[in-house]
>>> print(open('run-v7.tsv').read())   # TSV, C-alpha atoms
chain	number	residue	atom	x	y	z
A	1480	GLU	CA	2.16	28.37	-13.44
A	1481	ARG	CA	1.94	27.75	-17.18
A	1482	CYS	CA	4.81	25.26	-17.14
A	1483	LYS	CA	3.90	21.63	-17.77
A	1484	SER	CA	6.56	20.18	-15.51
A	1485	LEU	CA	9.16	21.08	-12.92
A	1486	LEU	CA	12.88	20.44	-12.82
A	1487	HIS	CA	14.57	19.97	-9.47
A	1488	MET	CA	18.36	19.89	-9.33
A	1489	ILE	CA	19.85	18.50	-6.14
A	1490	ASP	CA	23.52	18.12	-5.30
A	1491	ILE	CA	24.16	14.39	-4.86
A	1492	THR	CA	26.83	15.14	-2.24
A	1493	ASN	CA	24.12	16.62	-0.02
A	1494	ASN	CA	23.90	14.61	3.21
A	1495	ASP	CA	20.12	14.51	3.14
A	1496	ILE	CA	18.77	14.59	-0.40
A	1497	LYS	CA	15.26	13.66	0.69
A	1498	LYS	CA	15.16	16.57	3.15
A	1499	SER	CA	16.29	19.01	0.43
A	1500	TYR	CA	13.66	17.66	-1.93
A	1501	ASP	CA	10.94	17.89	0.73
A	1502	GLN	CA	11.88	21.50	1.49
A	1503	VAL	CA	11.50	22.46	-2.17
A	1504	LYS	CA	8.18	20.59	-2.38
A	1505	ASN	CA	6.86	22.38	0.72
A	1506	GLU	CA	7.92	25.77	-0.65
A	1507	LEU	CA	6.15	25.01	-3.92
A	1508	LYS	CA	3.03	23.86	-2.11
A	1509	ASN	CA	3.01	27.06	-0.05
A	1510	TYR	CA	3.42	29.10	-3.22
A	1511	SER	CA	0.88	27.21	-5.32
A	1512	THR	CA	-0.92	23.90	-4.87
A	1513	LYS	CA	-1.28	23.59	-8.66
A	1514	LEU	CA	2.43	24.07	-9.16
A	1515	SER	CA	3.31	21.48	-6.55
A	1516	LYS	CA	1.24	18.86	-8.42
A	1517	LYS	CA	3.02	19.24	-11.76
A	1518	LYS	CA	5.04	16.41	-13.26
A	1519	GLU	CA	8.61	16.50	-11.98
A	1520	LEU	CA	12.05	15.60	-13.22
A	1521	ILE	CA	14.63	15.34	-10.46
A	1522	VAL	CA	18.28	15.67	-11.43
A	1523	LEU	CA	20.93	14.60	-8.96
A	1524	ASN	CA	23.98	16.49	-10.13
A	1525	LYS	CA	27.71	16.52	-9.32
A	1526	THR	CA	27.90	12.74	-9.68
A	1527	ASP	CA	31.57	13.06	-10.62
A	1528	LEU	CA	32.26	13.80	-6.94
A	1529	VAL	CA	30.88	10.45	-5.76
A	1530	ASP	CA	31.95	6.86	-6.40
A	1531	GLU	CA	29.84	5.17	-9.12
A	1532	LYS	CA	28.48	2.46	-6.81
A	1533	LYS	CA	27.53	5.05	-4.21
A	1534	VAL	CA	25.71	7.06	-6.89
A	1535	LYS	CA	23.61	3.98	-7.73
A	1536	ASP	CA	22.87	3.35	-4.04
A	1537	ILE	CA	21.88	6.98	-3.48
A	1538	VAL	CA	19.60	7.01	-6.54
A	1539	ASN	CA	17.97	3.69	-5.57
A	1540	ASN	CA	17.36	4.76	-1.98
A	1541	PHE	CA	16.08	8.21	-2.93
A	1542	SER	CA	13.79	7.04	-5.73
A	1543	LYS	CA	12.07	4.40	-3.59
A	1544	ASN	CA	9.83	7.03	-2.01
A	1545	ILE	CA	9.62	9.41	-4.96
A	1546	LYS	CA	6.99	9.14	-7.69
A	1547	SER	CA	8.94	11.38	-10.04
A	1548	GLU	CA	11.65	10.40	-12.47
A	1549	VAL	CA	15.17	10.66	-11.05
A	1550	ILE	CA	18.23	10.99	-13.28
A	1551	THR	CA	21.86	11.83	-12.64
A	1552	MET	CA	24.22	14.34	-14.17
A	1553	SER	CA	27.84	15.38	-14.18
A	1554	THR	CA	28.79	18.58	-15.97
A	1555	LEU	CA	32.16	16.94	-16.68
A	1556	LYS	CA	30.50	14.33	-18.90
A	1557	LYS	CA	28.97	15.70	-22.09
A	1558	LYS	CA	26.89	12.54	-22.49
A	1559	THR	CA	24.91	13.28	-19.32
A	1560	ILE	CA	24.29	16.87	-20.42
A	1561	SER	CA	22.88	15.58	-23.72
A	1562	LYS	CA	20.69	13.14	-21.77
A	1563	ILE	CA	19.31	16.00	-19.65
A	1564	LYS	CA	18.63	18.12	-22.75
A	1565	ALA	CA	16.71	15.26	-24.37
A	1566	LYS	CA	14.68	14.69	-21.18
A	1567	LEU	CA	13.83	18.37	-20.88
A	1568	ILE	CA	12.68	18.49	-24.49
A	1569	SER	CA	10.46	15.45	-23.94
A	1570	TYR	CA	8.98	17.06	-20.82
A	1571	VAL	CA	8.00	20.29	-22.56
A	1572	SER	CA	6.70	18.86	-25.82
>>> encode(input="run-v7.tsv", output="structure tokens")
Amino acid sequence: ERCKSLLHMIDITNNDIKKSYDQVKNELKNYSTKLSKKKELIVLNKTDLVDEKKVKDIVNNFSKNIKSEVITMSTLKKKTISKIKAKLISYVS
């Protein structure tokens, strides 16, 4: 519970991203209320498997009801990996 923030990685090809996110949140809440209230970074990964416009639609729809920051990632694109690294560093410093 010493961590300052939490990282959630969710497969963007998942049919119900919100449901997956809610399941993780509920598990965290059951484990520790303090932990479930930490700042979050949500990474929707495997974006290379989805059309670019659909990625934007998914991110927009998902982030409407989420207070946390949502970013995307493809392991095939080094640029997105660098972006994630920079975000993680900013979250822990």
>>> closest_residue(input="run-v7.tsv", among="A:Lys1533, A:Lys1566, A:Lys1546, A:Lys1525", to="Thr1492 of chain A", atoms="all atoms listed in the file")
A:Lys1525
>>> closest_residue(input="run-v7.tsv", among="A:Asn1524, A:Asn1544, A:Ser1553, A:Ser1561", to="Met1488 of chain A", atoms="only C-alpha atoms")
A:Asn1524
>>> closest_residue(input="run-v7.tsv", among="A:Leu1555, A:Val1549, A:Leu1486, A:Leu1520", to="Ile1537 of chain A", atoms="all atoms listed in the file")
A:Val1549
>>> residues_around(input="run-v7.tsv", residues="Val1503 of chain A", least_positions_apart="5", cutoff="9 Å", atoms="all atoms listed in the file", output="list in words")
His1487, Lys1498 and Lys1508 of chain A
>>> write_last_selection(input="run-v7.tsv", atoms="C-alpha atoms", output="CSV table (one decimal), keeping the file's coordinate frame")
chain,number,residue,atom,x,y,z
A,1487,HIS,CA,14.6,20.0,-9.5
A,1498,LYS,CA,15.2,16.6,3.2
A,1508,LYS,CA,3.0,23.9,-2.1
>>> closest_residue(input="run-v7.tsv", among="A:Ile1491, A:Ile1521, A:Leu1485, A:Ile1563", to="Ile1545 of chain A", atoms="all atoms listed in the file")
A:Ile1521
>>> atom_distance(input="run-v7.tsv", atom1="atom CA of Asp1530 of chain A", atom2="atom CA of Lys1518 of chain A")
29.4 Å
>>> atom_distance(input="run-v7.tsv", atom1="atom CA of Thr1512 of chain A", atom2="atom CA of Asn1540 of chain A")
26.6 Å
